[in-house]
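Comments concern the structure below.
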Amino acid sequence: MTIRKAIPKDFDNILAIYAYAREQMRLSGNPNQWGSSHPPAELVQKDIANGNSYVITDEKNEICAVFAFVVGDDPTYCRIDNGRWLNNDAYGTLHRIAGNGKQKGVLKFCLAYCETKVPNVRVDTHKDNHIMQHLLENSGYQRCGTIFVADGSPRIAYQKKV
């Protein structure tokens, strides 16, 4: 697998991966994290335009996963309840990771990539996303508390010091 920045021609493939991921979340008991429309197309376009969208490609150079990675302060991470961050050092935030279900290990591969870019990686997930919680904890991420996304709903916040 390889990782590269997403480009505008990847847009339709990215939307298809997110649609697949929403359905898989619904089937695994997590229908509310992304609902029927998250992330919206406008956000995906913004991620690409800002250079924050990445794709993971397989050995055939086909896109098998997508994620957003932003280095710098994330406004939704300014407030954390029921805990605290491991530190206040520089960090990157992983958002909106999704795969097409054809390639195993994309989260671990993505995390390893992000961990080479900054000394701290933060990520959050919905309370019903037990799969993501398990994978993060198995990858050395520590549960730090609760943050609130733009619509006010809570997310479990994780951090790893690299």
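Ordering of the structure tokens sets the chain letters (A, B, ...); residue numbers start at 1 within each chain; ligands are numbered from 1 in the order shown.
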
Let's see if you can do this: from backbone DSSP, list all strand (DSSP E or B) residues in stretch 24-159 of chain A, as a PyMOL selection string. chain A and resi 53-57+63-71+81+92-99+120-125+142-148+154-159

Residue contacts of A:Gly99 (12 Å, only C-alpha atoms) excluding same-chain residues fewer than 6 positions away, as a short mmCIF file (atom, residue, chain, number, x, y, z; two decimals) with N, CA, C and O atoms, in the first residue's frame:
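Contents of part.cif, freshly written:
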```cif
data_model
loop_
_atom_site.label_atom_id
_atom_site.label_comp_id
_atom_site.auth_asym_id
_atom_site.auth_seq_id
_atom_site.Cartn_x
_atom_site.Cartn_y
_atom_site.Cartn_z
N ASN A 13 -14.26 8.52 -6.49
CA ASN A 13 -13.84 7.31 -5.77
C ASN A 13 -13.93 7.53 -4.26
O ASN A 13 -14.33 6.63 -3.51
N ILE A 14 -13.54 8.70 -3.81
CA ILE A 14 -13.59 9.02 -2.38
C ILE A 14 -15.03 8.99 -1.88
O ILE A 14 -15.32 8.40 -0.84
N LEU A 15 -15.94 9.62 -2.64
CA LEU A 15 -17.35 9.61 -2.24
C LEU A 15 -17.89 8.19 -2.17
O LEU A 15 -18.67 7.86 -1.26
N ALA A 16 -17.49 7.33 -3.10
CA ALA A 16 -17.95 5.95 -3.10
C ALA A 16 -17.43 5.21 -1.86
O ALA A 16 -18.16 4.41 -1.25
N ILE A 17 -16.20 5.46 -1.48
CA ILE A 17 -15.64 4.82 -0.28
C ILE A 17 -16.39 5.29 0.96
O ILE A 17 -16.73 4.48 1.83
N TYR A 18 -16.68 6.59 1.05
CA TYR A 18 -17.43 7.07 2.20
C TYR A 18 -18.84 6.47 2.25
O TYR A 18 -19.34 6.14 3.32
N ALA A 19 -19.48 6.30 1.10
CA ALA A 19 -20.82 5.69 1.07
C ALA A 19 -20.74 4.24 1.57
O ALA A 19 -21.59 3.81 2.36
N TYR A 20 -19.73 3.52 1.13
CA TYR A 20 -19.53 2.14 1.59
C TYR A 20 -19.31 2.12 3.10
O TYR A 20 -19.89 1.30 3.82
N ALA A 21 -18.47 3.01 3.60
CA ALA A 21 -18.15 3.06 5.03
C ALA A 21 -19.39 3.38 5.86
O ALA A 21 -19.59 2.79 6.93
N ARG A 22 -20.22 4.30 5.38
CA ARG A 22 -21.46 4.62 6.12
C ARG A 22 -22.34 3.37 6.26
O ARG A 22 -22.90 3.11 7.32
N GLU A 23 -22.44 2.61 5.19
CA GLU A 23 -23.26 1.39 5.23
C GLU A 23 -22.65 0.36 6.18
O GLU A 23 -23.38 -0.28 6.95
N GLN A 24 -21.34 0.22 6.17
CA GLN A 24 -20.69 -0.73 7.08
C GLN A 24 -20.87 -0.29 8.53
O GLN A 24 -21.07 -1.13 9.41
N MET A 25 -20.79 1.01 8.79
CA MET A 25 -21.01 1.50 10.15
C MET A 25 -22.44 1.18 10.59
O MET A 25 -22.66 0.73 11.72
N TYR A 54 -6.03 12.49 1.91
CA TYR A 54 -5.06 11.50 1.46
C TYR A 54 -5.78 10.24 1.03
O TYR A 54 -6.84 9.92 1.58
N VAL A 55 -5.21 9.54 0.07
CA VAL A 55 -5.75 8.25 -0.32
C VAL A 55 -4.68 7.19 -0.11
O VAL A 55 -3.48 7.46 -0.22
N ILE A 56 -5.14 6.00 0.20
CA ILE A 56 -4.28 4.83 0.29
C ILE A 56 -4.58 4.00 -0.94
O ILE A 56 -5.75 3.72 -1.24
N THR A 57 -3.53 3.63 -1.66
CA THR A 57 -3.70 2.83 -2.86
C THR A 57 -3.11 1.43 -2.64
O THR A 57 -2.17 1.26 -1.87
N ASP A 58 -3.68 0.48 -3.34
CA ASP A 58 -3.21 -0.90 -3.23
C ASP A 58 -2.11 -1.17 -4.26
O ASP A 58 -1.65 -0.25 -4.95
N GLU A 62 -4.95 1.21 -7.11
CA GLU A 62 -6.35 1.58 -6.99
C GLU A 62 -6.60 2.09 -5.57
O GLU A 62 -6.04 1.56 -4.60
N ILE A 63 -7.44 3.10 -5.45
CA ILE A 63 -7.73 3.69 -4.15
C ILE A 63 -8.53 2.69 -3.32
O ILE A 63 -9.59 2.21 -3.75
N CYS A 64 -8.02 2.39 -2.12
CA CYS A 64 -8.72 1.45 -1.25
C CYS A 64 -9.16 2.12 0.06
O CYS A 64 -9.93 1.53 0.81
N ALA A 65 -8.66 3.32 0.34
CA ALA A 65 -9.04 4.03 1.56
C ALA A 65 -8.76 5.51 1.41
O ALA A 65 -8.00 5.94 0.53
N VAL A 66 -9.37 6.28 2.30
CA VAL A 66 -9.22 7.74 2.30
C VAL A 66 -9.22 8.23 3.73
O VAL A 66 -9.82 7.60 4.61
N PHE A 67 -8.53 9.32 3.97
CA PHE A 67 -8.55 9.95 5.28
C PHE A 67 -8.14 11.41 5.14
O PHE A 67 -7.55 11.81 4.14
N GLY A 105 -6.00 -3.79 7.04
CA GLY A 105 -4.90 -3.07 7.67
C GLY A 105 -4.74 -1.62 7.29
O GLY A 105 -3.70 -1.02 7.56
N VAL A 106 -5.77 -1.01 6.69
CA VAL A 106 -5.60 0.38 6.25
C VAL A 106 -5.49 1.35 7.42
O VAL A 106 -4.73 2.31 7.34
N LEU A 107 -6.21 1.11 8.51
CA LEU A 107 -6.10 2.03 9.65
C LEU A 107 -4.69 1.99 10.22
O LEU A 107 -4.09 3.04 10.46
N LYS A 108 -4.17 0.81 10.44
CA LYS A 108 -2.82 0.68 10.99
C LYS A 108 -1.80 1.34 10.07
O LYS A 108 -0.89 2.04 10.53
N PHE A 109 -1.95 1.15 8.77
CA PHE A 109 -1.05 1.76 7.78
C PHE A 109 -1.16 3.29 7.84
O PHE A 109 -0.16 4.00 7.84
N CYS A 110 -2.38 3.79 7.92
CA CYS A 110 -2.63 5.23 8.02
C CYS A 110 -2.02 5.80 9.30
O CYS A 110 -1.36 6.84 9.26
#
```

Considering only C-alpha atoms, return as a list in words whatever protein or nucleic-acid residues lie within 8 Å of A:Leu86, sequence-local ones (same chain, fewer than 3 positions apart) excluded. Cys144, Gln159, Lys160 and Lys161 of chain A

Resulting file, chosen residues, C-alpha atoms, as a PDB file, in the first residue's frame:
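So the final result, stored in selection_4.pdb, reads:
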```
ATOM      1  CA  CYS A 144      -8.212  10.928  26.905  1.00  0.00           C
ATOM      2  CA  GLN A 159      -4.055  10.555  21.570  1.00  0.00           C
ATOM      3  CA  LYS A 160      -0.741   8.853  21.007  1.00  0.00           C
ATOM      4  CA  LYS A 161       2.647  10.322  21.853  1.00  0.00           C
TER       5      LYS A 161
END
```

Residue neighbourhood A:Asn88, 12 Å, only C-alpha atoms, exclusion window fewer than 6 positions, as JSON, numbers by chain: {"A": [72, 73, 77, 78, 119, 120, 121, 122, 159, 161]}

When DSSP works through the backbone of this structure, what residues of stretch 3-159 of chain A end up as helix (DSSP H, G or I), shown as a PyMOL selection string? chain A and resi 8-27+41-49+75-77+106-115+130-138

Write the residues you've just listed into a file as a compact mmCIF listing (two decimals), in the first residue's frame, and include N, CA and C atoms for each of them.
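Ended up saving to again_14.txt:
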```
# COMPACT_ATOMS: atom_id res chain seq x y z
N PRO A 8 -8.22 16.25 -7.30
CA PRO A 8 -9.63 16.38 -7.69
C PRO A 8 -10.19 15.18 -8.46
N LYS A 9 -9.39 14.53 -9.28
CA LYS A 9 -9.93 13.39 -10.05
C LYS A 9 -10.26 12.18 -9.17
N ASP A 10 -9.80 12.19 -7.90
CA ASP A 10 -10.11 11.12 -6.96
C ASP A 10 -11.50 11.28 -6.32
N PHE A 11 -12.11 12.43 -6.51
CA PHE A 11 -13.34 12.81 -5.80
C PHE A 11 -14.43 11.74 -5.83
N ASP A 12 -14.77 11.23 -7.02
CA ASP A 12 -15.86 10.25 -7.12
C ASP A 12 -15.51 8.96 -6.38
N ASN A 13 -14.26 8.52 -6.49
CA ASN A 13 -13.84 7.31 -5.77
C ASN A 13 -13.93 7.53 -4.26
N ILE A 14 -13.54 8.70 -3.81
CA ILE A 14 -13.59 9.02 -2.38
C ILE A 14 -15.03 8.99 -1.88
N LEU A 15 -15.94 9.62 -2.64
CA LEU A 15 -17.35 9.61 -2.24
C LEU A 15 -17.89 8.19 -2.17
N ALA A 16 -17.49 7.33 -3.10
CA ALA A 16 -17.95 5.95 -3.10
C ALA A 16 -17.43 5.21 -1.86
N ILE A 17 -16.20 5.46 -1.48
CA ILE A 17 -15.64 4.82 -0.28
C ILE A 17 -16.39 5.29 0.96
N TYR A 18 -16.68 6.59 1.05
CA TYR A 18 -17.43 7.07 2.20
C TYR A 18 -18.84 6.47 2.25
N ALA A 19 -19.48 6.30 1.10
CA ALA A 19 -20.82 5.69 1.07
C ALA A 19 -20.74 4.24 1.57
N TYR A 20 -19.73 3.52 1.13
CA TYR A 20 -19.53 2.14 1.59
C TYR A 20 -19.31 2.12 3.10
N ALA A 21 -18.47 3.01 3.60
CA ALA A 21 -18.15 3.06 5.03
C ALA A 21 -19.39 3.38 5.86
N ARG A 22 -20.22 4.30 5.38
CA ARG A 22 -21.46 4.62 6.12
C ARG A 22 -22.34 3.37 6.26
N GLU A 23 -22.44 2.61 5.19
CA GLU A 23 -23.26 1.39 5.23
C GLU A 23 -22.65 0.36 6.18
N GLN A 24 -21.34 0.22 6.17
CA GLN A 24 -20.69 -0.73 7.08
C GLN A 24 -20.87 -0.29 8.53
N MET A 25 -20.79 1.01 8.79
CA MET A 25 -21.01 1.50 10.15
C MET A 25 -22.44 1.18 10.59
N ARG A 26 -23.38 1.41 9.70
CA ARG A 26 -24.78 1.11 10.02
C ARG A 26 -24.95 -0.36 10.35
N LEU A 27 -24.36 -1.23 9.54
CA LEU A 27 -24.49 -2.67 9.73
C LEU A 27 -23.81 -3.15 11.01
N ALA A 41 -20.12 16.25 0.46
CA ALA A 41 -19.24 16.44 -0.70
C ALA A 41 -18.43 17.73 -0.59
N GLU A 42 -19.04 18.79 -0.05
CA GLU A 42 -18.33 20.07 0.07
C GLU A 42 -17.11 19.94 0.99
N LEU A 43 -17.24 19.16 2.05
CA LEU A 43 -16.13 18.97 2.98
C LEU A 43 -15.02 18.15 2.32
N VAL A 44 -15.39 17.15 1.56
CA VAL A 44 -14.41 16.35 0.83
C VAL A 44 -13.65 17.23 -0.16
N GLN A 45 -14.37 18.07 -0.88
CA GLN A 45 -13.72 19.00 -1.82
C GLN A 45 -12.78 19.96 -1.10
N LYS A 46 -13.20 20.45 0.06
CA LYS A 46 -12.37 21.36 0.85
C LYS A 46 -11.11 20.64 1.35
N ASP A 47 -11.27 19.40 1.82
CA ASP A 47 -10.10 18.62 2.25
C ASP A 47 -9.09 18.48 1.11
N ILE A 48 -9.58 18.17 -0.08
CA ILE A 48 -8.69 18.01 -1.24
C ILE A 48 -8.02 19.34 -1.57
N ALA A 49 -8.82 20.41 -1.65
CA ALA A 49 -8.28 21.72 -2.01
C ALA A 49 -7.24 22.22 -1.01
N PRO A 75 -9.93 23.15 16.29
CA PRO A 75 -10.85 23.87 17.19
C PRO A 75 -11.73 22.96 18.04
N THR A 76 -12.13 21.80 17.51
CA THR A 76 -12.99 20.92 18.30
C THR A 76 -12.23 20.24 19.44
N TYR A 77 -10.91 20.35 19.43
CA TYR A 77 -10.10 19.71 20.47
C TYR A 77 -9.66 20.69 21.55
N VAL A 106 -5.77 -1.01 6.69
CA VAL A 106 -5.60 0.38 6.25
C VAL A 106 -5.49 1.35 7.42
N LEU A 107 -6.21 1.11 8.51
CA LEU A 107 -6.10 2.03 9.65
C LEU A 107 -4.69 1.99 10.22
N LYS A 108 -4.17 0.81 10.44
CA LYS A 108 -2.82 0.68 10.99
C LYS A 108 -1.80 1.34 10.07
N PHE A 109 -1.95 1.15 8.77
CA PHE A 109 -1.05 1.76 7.78
C PHE A 109 -1.16 3.29 7.84
N CYS A 110 -2.38 3.79 7.92
CA CYS A 110 -2.63 5.23 8.02
C CYS A 110 -2.02 5.80 9.30
N LEU A 111 -2.26 5.15 10.43
CA LEU A 111 -1.73 5.63 11.69
C LEU A 111 -0.20 5.70 11.65
N ALA A 112 0.43 4.66 11.10
CA ALA A 112 1.89 4.64 11.01
C ALA A 112 2.38 5.83 10.18
N TYR A 113 1.67 6.15 9.11
CA TYR A 113 2.03 7.31 8.28
C TYR A 113 1.91 8.61 9.08
N CYS A 114 0.78 8.80 9.73
CA CYS A 114 0.54 10.03 10.49
C CYS A 114 1.58 10.19 11.60
N GLU A 115 1.95 9.08 12.21
CA GLU A 115 2.90 9.11 13.32
C GLU A 115 4.30 9.51 12.87
N HIS A 130 -17.34 0.75 18.12
CA HIS A 130 -16.52 -0.16 18.94
C HIS A 130 -15.34 -0.71 18.16
N ILE A 131 -15.50 -0.90 16.87
CA ILE A 131 -14.40 -1.41 16.04
C ILE A 131 -13.25 -0.41 16.05
N MET A 132 -13.53 0.85 15.82
CA MET A 132 -12.49 1.88 15.80
C MET A 132 -11.85 2.02 17.18
N GLN A 133 -12.64 2.00 18.23
CA GLN A 133 -12.09 2.09 19.58
C GLN A 133 -11.09 0.96 19.83
N HIS A 134 -11.47 -0.24 19.47
CA HIS A 134 -10.61 -1.41 19.66
C HIS A 134 -9.31 -1.27 18.85
N LEU A 135 -9.43 -0.88 17.59
CA LEU A 135 -8.24 -0.75 16.74
C LEU A 135 -7.31 0.35 17.24
N LEU A 136 -7.86 1.47 17.68
CA LEU A 136 -7.03 2.55 18.21
C LEU A 136 -6.29 2.11 19.47
N GLU A 137 -7.00 1.47 20.37
CA GLU A 137 -6.38 1.04 21.61
C GLU A 137 -5.31 -0.03 21.36
N ASN A 138 -5.54 -0.90 20.39
CA ASN A 138 -4.54 -1.91 20.03
C ASN A 138 -3.33 -1.29 19.34
```

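Distances from A:Gly145, A:Gly83, A:Pro39, A:Pro154 to A:Lys127 were compared using only C-alpha atoms, and the smallest one belongs to A:Pro154.
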
Measure the distance from atom CA of A:Phe148 to atom CA of A:Gly35 in Å and round it to one decimal. 16.5 Å
